[in-house]
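Q: File name query_6.pdb; file contents PDB, C-alpha atoms; full text below.
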```
ATOM      1  CA  MET A   1     -62.147 -87.753 119.784
ATOM      2  CA  THR A   2     -64.363 -86.542 122.605
ATOM      3  CA  ALA A   3     -63.377 -87.206 126.208
ATOM      4  CA  PHE A   4     -65.647 -89.531 128.152
ATOM      5  CA  ARG A   5     -66.296 -89.108 131.867
ATOM      6  CA  PRO A   6     -69.153 -90.940 133.596
ATOM      7  CA  ALA A   7     -71.348 -88.998 136.018
ATOM      8  CA  TYR A   8     -69.713 -89.921 139.331
ATOM      9  CA  PRO A   9     -70.279 -91.528 141.667
ATOM     10  CA  LEU A  10     -71.526 -94.697 139.987
ATOM     11  CA  LEU A  11     -73.747 -96.283 142.615
ATOM     12  CA  THR A  12     -74.853 -99.879 142.943
ATOM     13  CA  GLU A  13     -76.770-101.485 145.794
ATOM     14  CA  ARG A  14     -73.673-101.814 148.006
ATOM     15  CA  LEU A  15     -70.895-100.036 146.129
ATOM     16  CA  GLU A  16     -69.683 -96.682 144.902
ATOM     17  CA  LEU A  17     -67.403 -96.738 141.864
ATOM     18  CA  ARG A  18     -65.402 -93.551 141.572
ATOM     19  CA  PRO A  19     -62.046 -92.101 140.529
ATOM     20  CA  HIS A  20     -59.225 -92.714 142.972
ATOM     21  CA  ARG A  21     -58.178 -90.206 145.646
ATOM     22  CA  MET A  22     -54.870 -89.975 147.504
ATOM     23  CA  SER A  23     -56.781 -90.916 150.663
ATOM     24  CA  ASP A  24     -57.251 -94.411 149.144
ATOM     25  CA  LEU A  25     -53.584 -95.277 149.794
ATOM     26  CA  ASP A  26     -53.991 -97.431 152.916
ATOM     27  CA  ASP A  27     -56.963 -99.324 151.478
ATOM     28  CA  LEU A  28     -55.092-100.003 148.223
ATOM     29  CA  LEU A  29     -51.976-101.121 150.068
ATOM     30  CA  ALA A  30     -54.100-103.641 151.985
ATOM     31  CA  PHE A  31     -54.635-105.653 148.787
ATOM     32  CA  HIS A  32     -51.850-104.468 146.432
ATOM     33  CA  SER A  33     -49.402-105.976 148.929
ATOM     34  CA  LEU A  34     -50.979-109.457 148.842
ATOM     35  CA  PRO A  35     -49.375-112.081 146.563
ATOM     36  CA  ASP A  36     -52.697-113.945 146.222
ATOM     37  CA  VAL A  37     -54.362-110.810 144.819
ATOM     38  CA  VAL A  38     -51.671-109.680 142.394
ATOM     39  CA  ARG A  39     -50.626-113.051 140.966
ATOM     40  CA  TYR A  40     -53.194-112.566 138.172
ATOM     41  CA  THR A  41     -52.845-108.776 137.779
ATOM     42  CA  PRO A  42     -50.306-106.969 135.587
ATOM     43  CA  TRP A  43     -48.637-105.372 138.618
ATOM     44  CA  PRO A  44     -46.301-106.991 141.170
ATOM     45  CA  VAL A  45     -46.699-107.087 144.940
ATOM     46  CA  ARG A  46     -46.267-103.484 146.056
ATOM     47  CA  ASP A  47     -44.978-101.864 149.212
ATOM     48  CA  ARG A  48     -46.346 -98.550 150.494
ATOM     49  CA  GLU A  49     -44.141 -96.352 148.299
ATOM     50  CA  GLN A  50     -44.867 -98.392 145.156
ATOM     51  CA  THR A  51     -48.589 -98.280 145.941
ATOM     52  CA  ARG A  52     -48.403 -94.502 146.405
ATOM     53  CA  GLU A  53     -46.659 -94.120 143.034
ATOM     54  CA  ALA A  54     -49.249 -96.339 141.351
ATOM     55  CA  LEU A  55     -52.062 -94.389 142.997
ATOM     56  CA  GLU A  56     -50.654 -91.109 141.681
ATOM     57  CA  ARG A  57     -50.771 -92.574 138.151
ATOM     58  CA  LYS A  58     -54.400 -93.633 138.690
ATOM     59  CA  LEU A  59     -55.658 -90.211 139.813
ATOM     60  CA  PRO A  60     -56.342 -88.871 136.285
ATOM     61  CA  GLN A  61     -57.800 -92.189 135.081
ATOM     62  CA  GLY A  62     -61.386 -91.242 135.894
ATOM     63  CA  GLU A  63     -61.957 -90.200 132.284
ATOM     64  CA  LEU A  64     -61.051 -91.459 128.835
ATOM     65  CA  SER A  65     -59.820 -89.305 125.990
ATOM     66  CA  GLY A  66     -58.587 -91.847 123.467
ATOM     67  CA  ASP A  67     -58.081 -95.372 122.274
ATOM     68  CA  GLY A  68     -56.054 -97.615 124.533
ATOM     69  CA  GLU A  69     -56.822 -95.718 127.732
ATOM     70  CA  TRP A  70     -58.136 -97.349 130.880
ATOM     71  CA  LEU A  71     -60.845 -96.038 133.179
ATOM     72  CA  VAL A  72     -59.483 -97.120 136.588
ATOM     73  CA  LEU A  73     -61.970 -96.775 139.433
ATOM     74  CA  ALA A  74     -61.964 -97.481 143.138
ATOM     75  CA  ILE A  75     -64.585 -99.937 144.372
ATOM     76  CA  GLU A  76     -65.762 -98.417 147.643
ATOM     77  CA  LEU A  77     -68.044-100.296 150.030
ATOM     78  CA  ARG A  78     -70.781 -97.734 150.689
ATOM     79  CA  GLU A  79     -71.518 -99.028 154.194
ATOM     80  CA  THR A  80     -67.991 -98.370 155.481
ATOM     81  CA  GLY A  81     -66.323 -96.067 152.920
ATOM     82  CA  THR A  82     -63.524 -98.631 152.520
ATOM     83  CA  VAL A  83     -61.931 -99.135 149.114
ATOM     84  CA  ILE A  84     -62.105-102.906 148.660
ATOM     85  CA  GLY A  85     -60.911-103.207 145.080
ATOM     86  CA  GLU A  86     -60.571-101.709 141.641
ATOM     87  CA  ILE A  87     -62.600-102.030 138.447
ATOM     88  CA  LEU A  88     -61.190-101.134 135.043
ATOM     89  CA  LEU A  89     -62.627-100.457 131.615
ATOM     90  CA  LYS A  90     -60.343-100.085 128.611
ATOM     91  CA  TRP A  91     -61.464 -98.075 125.614
ATOM     92  CA  ALA A  92     -59.630-100.306 123.158
ATOM     93  CA  SER A  93     -61.041 -98.729 119.997
ATOM     94  CA  GLU A  94     -63.497 -95.907 119.483
ATOM     95  CA  ALA A  95     -63.888 -96.666 115.761
ATOM     96  CA  ASN A  96     -64.519-100.378 116.325
ATOM     97  CA  ARG A  97     -66.376 -99.862 119.648
ATOM     98  CA  GLN A  98     -64.203-102.393 121.480
ATOM     99  CA  GLY A  99     -63.456-102.524 125.189
ATOM    100  CA  GLU A 100     -61.933-104.665 127.929
ATOM    101  CA  ILE A 101     -62.703-105.045 131.625
ATOM    102  CA  GLY A 102     -60.503-105.985 134.542
ATOM    103  CA  TYR A 103     -60.855-106.102 138.306
ATOM    104  CA  ALA A 104     -59.070-106.847 141.569
ATOM    105  CA  LEU A 105     -60.709-107.310 144.956
ATOM    106  CA  HIS A 106     -59.374-107.638 148.492
ATOM    107  CA  PRO A 107     -59.790-111.312 149.564
ATOM    108  CA  ALA A 108     -61.802-110.344 152.663
ATOM    109  CA  TYR A 109     -64.572-109.147 150.316
ATOM    110  CA  GLN A 110     -64.497-111.983 147.788
ATOM    111  CA  GLY A 111     -67.296-114.531 147.561
ATOM    112  CA  LYS A 112     -70.016-111.974 148.395
ATOM    113  CA  GLY A 113     -71.044-110.963 144.867
ATOM    114  CA  LEU A 114     -69.282-107.590 145.127
ATOM    115  CA  ALA A 115     -66.967-108.106 142.133
ATOM    116  CA  ALA A 116     -69.989-109.098 140.028
ATOM    117  CA  GLU A 117     -71.879-106.022 141.233
ATOM    118  CA  ALA A 118     -68.990-103.739 140.242
ATOM    119  CA  ALA A 119     -68.434-105.526 136.931
ATOM    120  CA  ARG A 120     -72.115-105.317 135.959
ATOM    121  CA  GLU A 121     -72.022-101.567 136.523
ATOM    122  CA  ILE A 122     -68.835-101.068 134.503
ATOM    123  CA  LEU A 123     -70.294-103.209 131.692
ATOM    124  CA  ARG A 124     -73.388-100.979 131.785
ATOM    125  CA  VAL A 125     -71.168 -97.913 131.493
ATOM    126  CA  GLY A 126     -69.275 -99.483 128.602
ATOM    127  CA  PHE A 127     -72.320-100.503 126.624
ATOM    128  CA  GLU A 128     -74.873 -97.840 127.529
ATOM    129  CA  GLU A 129     -72.735 -94.728 128.067
ATOM    130  CA  LEU A 130     -69.556 -95.286 126.061
ATOM    131  CA  GLY A 131     -71.420 -97.051 123.246
ATOM    132  CA  LEU A 132     -69.172-100.095 123.023
ATOM    133  CA  HIS A 133     -70.230-103.039 120.867
ATOM    134  CA  ARG A 134     -67.926-105.689 122.367
ATOM    135  CA  ILE A 135     -66.178-106.002 125.725
ATOM    136  CA  VAL A 136     -63.641-108.706 126.538
ATOM    137  CA  ALA A 137     -61.994-110.002 129.692
ATOM    138  CA  ILE A 138     -58.572-111.617 129.319
ATOM    139  CA  LEU A 139     -57.463-113.764 132.242
ATOM    140  CA  ASP A 140     -54.939-116.367 133.281
ATOM    141  CA  ASP A 141     -56.554-119.785 132.809
ATOM    142  CA  ARG A 142     -55.616-120.713 136.397
ATOM    143  CA  ASN A 143     -57.776-117.861 137.693
ATOM    144  CA  THR A 144     -60.907-119.959 138.122
ATOM    145  CA  ALA A 145     -62.679-117.340 140.259
ATOM    146  CA  SER A 146     -62.411-114.749 137.474
ATOM    147  CA  ALA A 147     -63.524-117.296 134.887
ATOM    148  CA  ARG A 148     -66.623-118.078 136.977
ATOM    149  CA  LEU A 149     -67.311-114.352 137.360
ATOM    150  CA  ALA A 150     -67.035-113.761 133.604
ATOM    151  CA  GLU A 151     -69.499-116.583 132.997
ATOM    152  CA  ARG A 152     -71.921-115.237 135.642
ATOM    153  CA  LEU A 153     -71.806-111.901 133.824
ATOM    154  CA  GLY A 154     -73.002-113.625 130.653
ATOM    155  CA  MET A 155     -69.608-113.587 128.949
ATOM    156  CA  ARG A 156     -68.651-116.527 126.762
ATOM    157  CA  ARG A 157     -65.193-118.036 126.485
ATOM    158  CA  GLU A 158     -63.989-117.441 122.934
ATOM    159  CA  ALA A 159     -60.340-118.410 123.064
ATOM    160  CA  HIS A 160     -57.686-120.252 125.035
ATOM    161  CA  HIS A 161     -54.263-118.827 124.226
ATOM    162  CA  LEU A 162     -51.380-121.144 125.079
ATOM    163  CA  ASP A 163     -48.075-119.692 126.222
ATOM    164  CA  ALA A 164     -49.208-116.091 126.233
ATOM    165  CA  PHE A 165     -46.470-114.014 127.889
ATOM    166  CA  PHE A 166     -47.531-112.494 131.234
ATOM    167  CA  LYS A 167     -45.415-110.984 134.022
ATOM    168  CA  ASP A 168     -42.124-112.224 132.571
ATOM    169  CA  ASP A 169     -43.357-115.791 132.243
ATOM    170  CA  TRP A 170     -45.323-118.040 129.938
ATOM    171  CA  ALA A 171     -48.937-118.474 130.974
ATOM    172  CA  ASN A 172     -52.146-119.602 129.310
ATOM    173  CA  ALA A 173     -54.951-117.092 128.896
ATOM    174  CA  TYR A 174     -58.698-117.287 128.384
ATOM    175  CA  VAL A 175     -60.504-114.611 126.396
ATOM    176  CA  TYR A 176     -64.128-114.012 127.393
ATOM    177  CA  ALA A 177     -66.407-111.662 125.464
ATOM    178  CA  LEU A 178     -69.820-110.073 125.636
ATOM    179  CA  LEU A 179     -71.591-108.246 122.812
ATOM    180  CA  GLU A 180     -73.894-105.274 123.237
ATOM    181  CA  ASP A 181     -77.016-107.200 122.160
ATOM    182  CA  GLU A 182     -76.121-110.057 124.552
ATOM    183  CA  TRP A 183     -75.756-107.514 127.358
ATOM    184  CA  ARG A 184     -79.176-106.065 126.594
ATOM    185  CA  ALA A 185     -80.710-109.573 126.589
ATOM    186  CA  VAL A 186     -79.137-110.366 129.975
ATOM    187  CA  THR A 187     -80.252-107.072 131.572
ATOM    188  CA  SER A 188     -83.756-106.780 130.142
TER     189      SER A 188
END
```
Taking this structure as input, can you express it in the form of structure tokens?

A:
Amino acid sequence: MTAFRPAYPLLTERLELRPHRMSDLDDLLAFHSLPDVVRYTPWPVRDREQTREALERKLPQGELSGDGEWLVLAIELRETGTVIGEILLKWASEANRQGEIGYALHPAYQGKGLAAEAAREILRVGFEELGLHRIVAILDDRNTASARLAERLGMRREAHHLDAFFKDDWANAYVYALLEDEWRAVTS
């Protein structure tokens, strides 16, 4: 298996997607510490020390070397240099060309199309650079903002899992998916 590392930085109109740096700590803490942000993420509300520990684990996640690994990138607002969120791409299976996306964004930057801008770029990386055939997004069915984003990205809801276990509790989950040929049709 060959390691995969995009040519950083990944630039969009307003954003830079890049591997994390230790200097991102304060920006990450600003949204990792908010219950409204983390209620639908796999991690709990974090204090400064927990955020620092999580950031240290993210530092090498700017490249993929095998199935099951996540590319975890900072979403930096180019205008200010502030890290406003994170975008993730999982290399679920090299052989089957499967992937998964995830994202979290500071509430002060929501509702401006920034999450969609970051997600479109990470989908492009997944399909055009990593060669994935199918990318899914799995989300809590109460997370209506993420469901709307998935639909804006051209993803279709394929499943509604009842009583999926998440964060030590039972929760329902939607599975959205996008195929490579659908991506090409949306972007052409």

Q: Mind dumping a table of every range 21-78 of chain A residue within 10 Å of range 107-130 of chain A, with the nearest atom pair and its distance in Å to one decimal, using only C-alpha atoms, sorted by chain and rising number, as JSON lines?

A:
```
{"residue": "A:Ala30", "atom": "CA", "partner": "A:Pro107", "partner_atom": "CA", "distance": 9.9}
{"residue": "A:Phe31", "atom": "CA", "partner": "A:Pro107", "partner_atom": "CA", "distance": 7.7}
{"residue": "A:Leu34", "atom": "CA", "partner": "A:Pro107", "partner_atom": "CA", "distance": 9.0}
{"residue": "A:Asp36", "atom": "CA", "partner": "A:Pro107", "partner_atom": "CA", "distance": 8.3}
{"residue": "A:Val37", "atom": "CA", "partner": "A:Pro107", "partner_atom": "CA", "distance": 7.2}
{"residue": "A:Leu64", "atom": "CA", "partner": "A:Leu130", "partner_atom": "CA", "distance": 9.7}
{"residue": "A:Leu71", "atom": "CA", "partner": "A:Ile122", "partner_atom": "CA", "distance": 9.5}
{"residue": "A:Leu73", "atom": "CA", "partner": "A:Ile122", "partner_atom": "CA", "distance": 9.5}
{"residue": "A:Ala74", "atom": "CA", "partner": "A:Ala118", "partner_atom": "CA", "distance": 9.8}
{"residue": "A:Ile75", "atom": "CA", "partner": "A:Ala118", "partner_atom": "CA", "distance": 7.1}
{"residue": "A:Glu76", "atom": "CA", "partner": "A:Ala118", "partner_atom": "CA", "distance": 9.7}
{"residue": "A:Leu77", "atom": "CA", "partner": "A:Leu114", "partner_atom": "CA", "distance": 8.9}
```

Q: For the atom pair CA of Leu17 in chain A and CA of Ala159 in chain A, what is the interatomic distance in Å to one decimal place?

A: 29.5 Å

Q: Using the chain letters and numbers from the file, give me the residues hit by the PyMOL selection byres ((chain A and resi 86-103) around 6), as a PyMOL selection string.

A: chain A and resi 67-75+85+104+132-137

Q: Could you list, as an MDAnalysis selection string, every residue matched by the PyMOL selection byres ((chain A and resi 171) around 10) in this structure?

A: chainID A and resid 139:142 161:170 172:173

Q: Could you tell me how far CA of Val186 in chain A sits from CA of Leu153 in chain A, in Å to one decimal place?

A: 8.4 Å

Q: Would you kindly place all heavy atoms on range 64-75 of chain A and return the model as a PDB file, in the coordinates of the input?

A:
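Below is the file out-v5.pdb, written as the result:
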```pdb
ATOM      1  N   LEU A  64     -61.719 -90.923 130.023  1.00  0.00           N
ATOM      2  CA  LEU A  64     -61.051 -91.459 128.835  1.00  0.00           C
ATOM      3  C   LEU A  64     -61.022 -90.392 127.755  1.00  0.00           C
ATOM      4  O   LEU A  64     -62.019 -89.720 127.534  1.00  0.00           O
ATOM      5  CB  LEU A  64     -61.830 -92.672 128.306  1.00  0.00           C
ATOM      6  CG  LEU A  64     -61.989 -93.846 129.260  1.00  0.00           C
ATOM      7  CD1 LEU A  64     -63.011 -94.840 128.714  1.00  0.00           C
ATOM      8  CD2 LEU A  64     -60.651 -94.514 129.487  1.00  0.00           C
ATOM      9  N   SER A  65     -59.882 -90.268 127.085  1.00  0.00           N
ATOM     10  CA  SER A  65     -59.820 -89.305 125.990  1.00  0.00           C
ATOM     11  C   SER A  65     -59.332 -89.924 124.698  1.00  0.00           C
ATOM     12  O   SER A  65     -59.233 -89.229 123.690  1.00  0.00           O
ATOM     13  CB  SER A  65     -58.941 -88.110 126.377  1.00  0.00           C
ATOM     14  OG  SER A  65     -57.645 -88.547 126.704  1.00  0.00           O
ATOM     15  N   GLY A  66     -59.036 -91.240 124.708  1.00  0.00           N
ATOM     16  CA  GLY A  66     -58.587 -91.847 123.467  1.00  0.00           C
ATOM     17  C   GLY A  66     -58.439 -93.348 123.545  1.00  0.00           C
ATOM     18  O   GLY A  66     -58.461 -93.938 124.628  1.00  0.00           O
ATOM     19  N   ASP A  67     -58.274 -93.938 122.384  1.00  0.00           N
ATOM     20  CA  ASP A  67     -58.081 -95.372 122.274  1.00  0.00           C
ATOM     21  C   ASP A  67     -56.922 -95.841 123.145  1.00  0.00           C
ATOM     22  O   ASP A  67     -55.908 -95.158 123.273  1.00  0.00           O
ATOM     23  CB  ASP A  67     -57.770 -95.756 120.823  1.00  0.00           C
ATOM     24  CG  ASP A  67     -58.966 -95.635 119.894  1.00  0.00           C
ATOM     25  OD1 ASP A  67     -60.062 -95.278 120.359  1.00  0.00           O
ATOM     26  OD2 ASP A  67     -58.795 -95.908 118.694  1.00  0.00           O
ATOM     27  N   GLY A  68     -57.107 -97.007 123.744  1.00  0.00           N
ATOM     28  CA  GLY A  68     -56.054 -97.615 124.533  1.00  0.00           C
ATOM     29  C   GLY A  68     -56.005 -97.168 125.977  1.00  0.00           C
ATOM     30  O   GLY A  68     -55.209 -97.695 126.757  1.00  0.00           O
ATOM     31  N   GLU A  69     -56.823 -96.206 126.352  1.00  0.00           N
ATOM     32  CA  GLU A  69     -56.822 -95.718 127.732  1.00  0.00           C
ATOM     33  C   GLU A  69     -57.732 -96.559 128.613  1.00  0.00           C
ATOM     34  O   GLU A  69     -58.716 -97.141 128.148  1.00  0.00           O
ATOM     35  CB  GLU A  69     -57.255 -94.252 127.784  1.00  0.00           C
ATOM     36  CG  GLU A  69     -56.258 -93.328 127.141  1.00  0.00           C
ATOM     37  CD  GLU A  69     -56.625 -91.862 127.292  1.00  0.00           C
ATOM     38  OE1 GLU A  69     -57.705 -91.542 127.809  1.00  0.00           O
ATOM     39  OE2 GLU A  69     -55.805 -91.033 126.882  1.00  0.00           O
ATOM     40  N   TRP A  70     -57.368 -96.605 129.880  1.00  0.00           N
ATOM     41  CA  TRP A  70     -58.136 -97.349 130.880  1.00  0.00           C
ATOM     42  C   TRP A  70     -58.836 -96.389 131.827  1.00  0.00           C
ATOM     43  O   TRP A  70     -58.213 -95.452 132.334  1.00  0.00           O
ATOM     44  CB  TRP A  70     -57.213 -98.231 131.712  1.00  0.00           C
ATOM     45  CG  TRP A  70     -56.691 -99.443 131.016  1.00  0.00           C
ATOM     46  CD1 TRP A  70     -55.538 -99.539 130.272  1.00  0.00           C
ATOM     47  CD2 TRP A  70     -57.279-100.748 131.005  1.00  0.00           C
ATOM     48  NE1 TRP A  70     -55.387-100.813 129.805  1.00  0.00           N
ATOM     49  CE2 TRP A  70     -56.434-101.583 130.245  1.00  0.00           C
ATOM     50  CE3 TRP A  70     -58.435-101.283 131.567  1.00  0.00           C
ATOM     51  CZ2 TRP A  70     -56.706-102.927 130.032  1.00  0.00           C
ATOM     52  CZ3 TRP A  70     -58.710-102.631 131.357  1.00  0.00           C
ATOM     53  CH2 TRP A  70     -57.857-103.433 130.599  1.00  0.00           C
ATOM     54  N   LEU A  71     -60.103 -96.654 132.083  1.00  0.00           N
ATOM     55  CA  LEU A  71     -60.845 -96.038 133.179  1.00  0.00           C
ATOM     56  C   LEU A  71     -60.522 -96.912 134.392  1.00  0.00           C
ATOM     57  O   LEU A  71     -60.791 -98.117 134.370  1.00  0.00           O
ATOM     58  CB  LEU A  71     -62.334 -96.085 132.846  1.00  0.00           C
ATOM     59  CG  LEU A  71     -63.294 -95.189 133.601  1.00  0.00           C
ATOM     60  CD1 LEU A  71     -62.998 -93.729 133.305  1.00  0.00           C
ATOM     61  CD2 LEU A  71     -64.724 -95.514 133.186  1.00  0.00           C
ATOM     62  N   VAL A  72     -59.899 -96.346 135.412  1.00  0.00           N
ATOM     63  CA  VAL A  72     -59.483 -97.120 136.588  1.00  0.00           C
ATOM     64  C   VAL A  72     -60.183 -96.529 137.798  1.00  0.00           C
ATOM     65  O   VAL A  72     -59.889 -95.403 138.203  1.00  0.00           O
ATOM     66  CB  VAL A  72     -57.948 -97.081 136.765  1.00  0.00           C
ATOM     67  CG1 VAL A  72     -57.533 -97.899 137.985  1.00  0.00           C
ATOM     68  CG2 VAL A  72     -57.248 -97.591 135.509  1.00  0.00           C
ATOM     69  N   LEU A  73     -61.121 -97.293 138.363  1.00  0.00           N
ATOM     70  CA  LEU A  73     -61.970 -96.775 139.433  1.00  0.00           C
ATOM     71  C   LEU A  73     -61.814 -97.567 140.723  1.00  0.00           C
ATOM     72  O   LEU A  73     -61.636 -98.787 140.701  1.00  0.00           O
ATOM     73  CB  LEU A  73     -63.435 -96.806 138.996  1.00  0.00           C
ATOM     74  CG  LEU A  73     -63.763 -96.079 137.694  1.00  0.00           C
ATOM     75  CD1 LEU A  73     -65.238 -96.229 137.373  1.00  0.00           C
ATOM     76  CD2 LEU A  73     -63.356 -94.619 137.765  1.00  0.00           C
ATOM     77  N   ALA A  74     -61.930 -96.851 141.821  1.00  0.00           N
ATOM     78  CA  ALA A  74     -61.964 -97.481 143.138  1.00  0.00           C
ATOM     79  C   ALA A  74     -63.330 -98.111 143.333  1.00  0.00           C
ATOM     80  O   ALA A  74     -64.356 -97.542 142.940  1.00  0.00           O
ATOM     81  CB  ALA A  74     -61.713 -96.433 144.220  1.00  0.00           C
ATOM     82  N   ILE A  75     -63.343 -99.294 143.946  1.00  0.00           N
ATOM     83  CA  ILE A  75     -64.585 -99.937 144.372  1.00  0.00           C
ATOM     84  C   ILE A  75     -64.692 -99.673 145.869  1.00  0.00           C
ATOM     85  O   ILE A  75     -63.931-100.225 146.660  1.00  0.00           O
ATOM     86  CB  ILE A  75     -64.581-101.453 144.115  1.00  0.00           C
ATOM     87  CG1 ILE A  75     -64.376-101.768 142.632  1.00  0.00           C
ATOM     88  CG2 ILE A  75     -65.878-102.084 144.636  1.00  0.00           C
ATOM     89  CD1 ILE A  75     -64.192-103.258 142.342  1.00  0.00           C
TER      90      ILE A  75
END
```
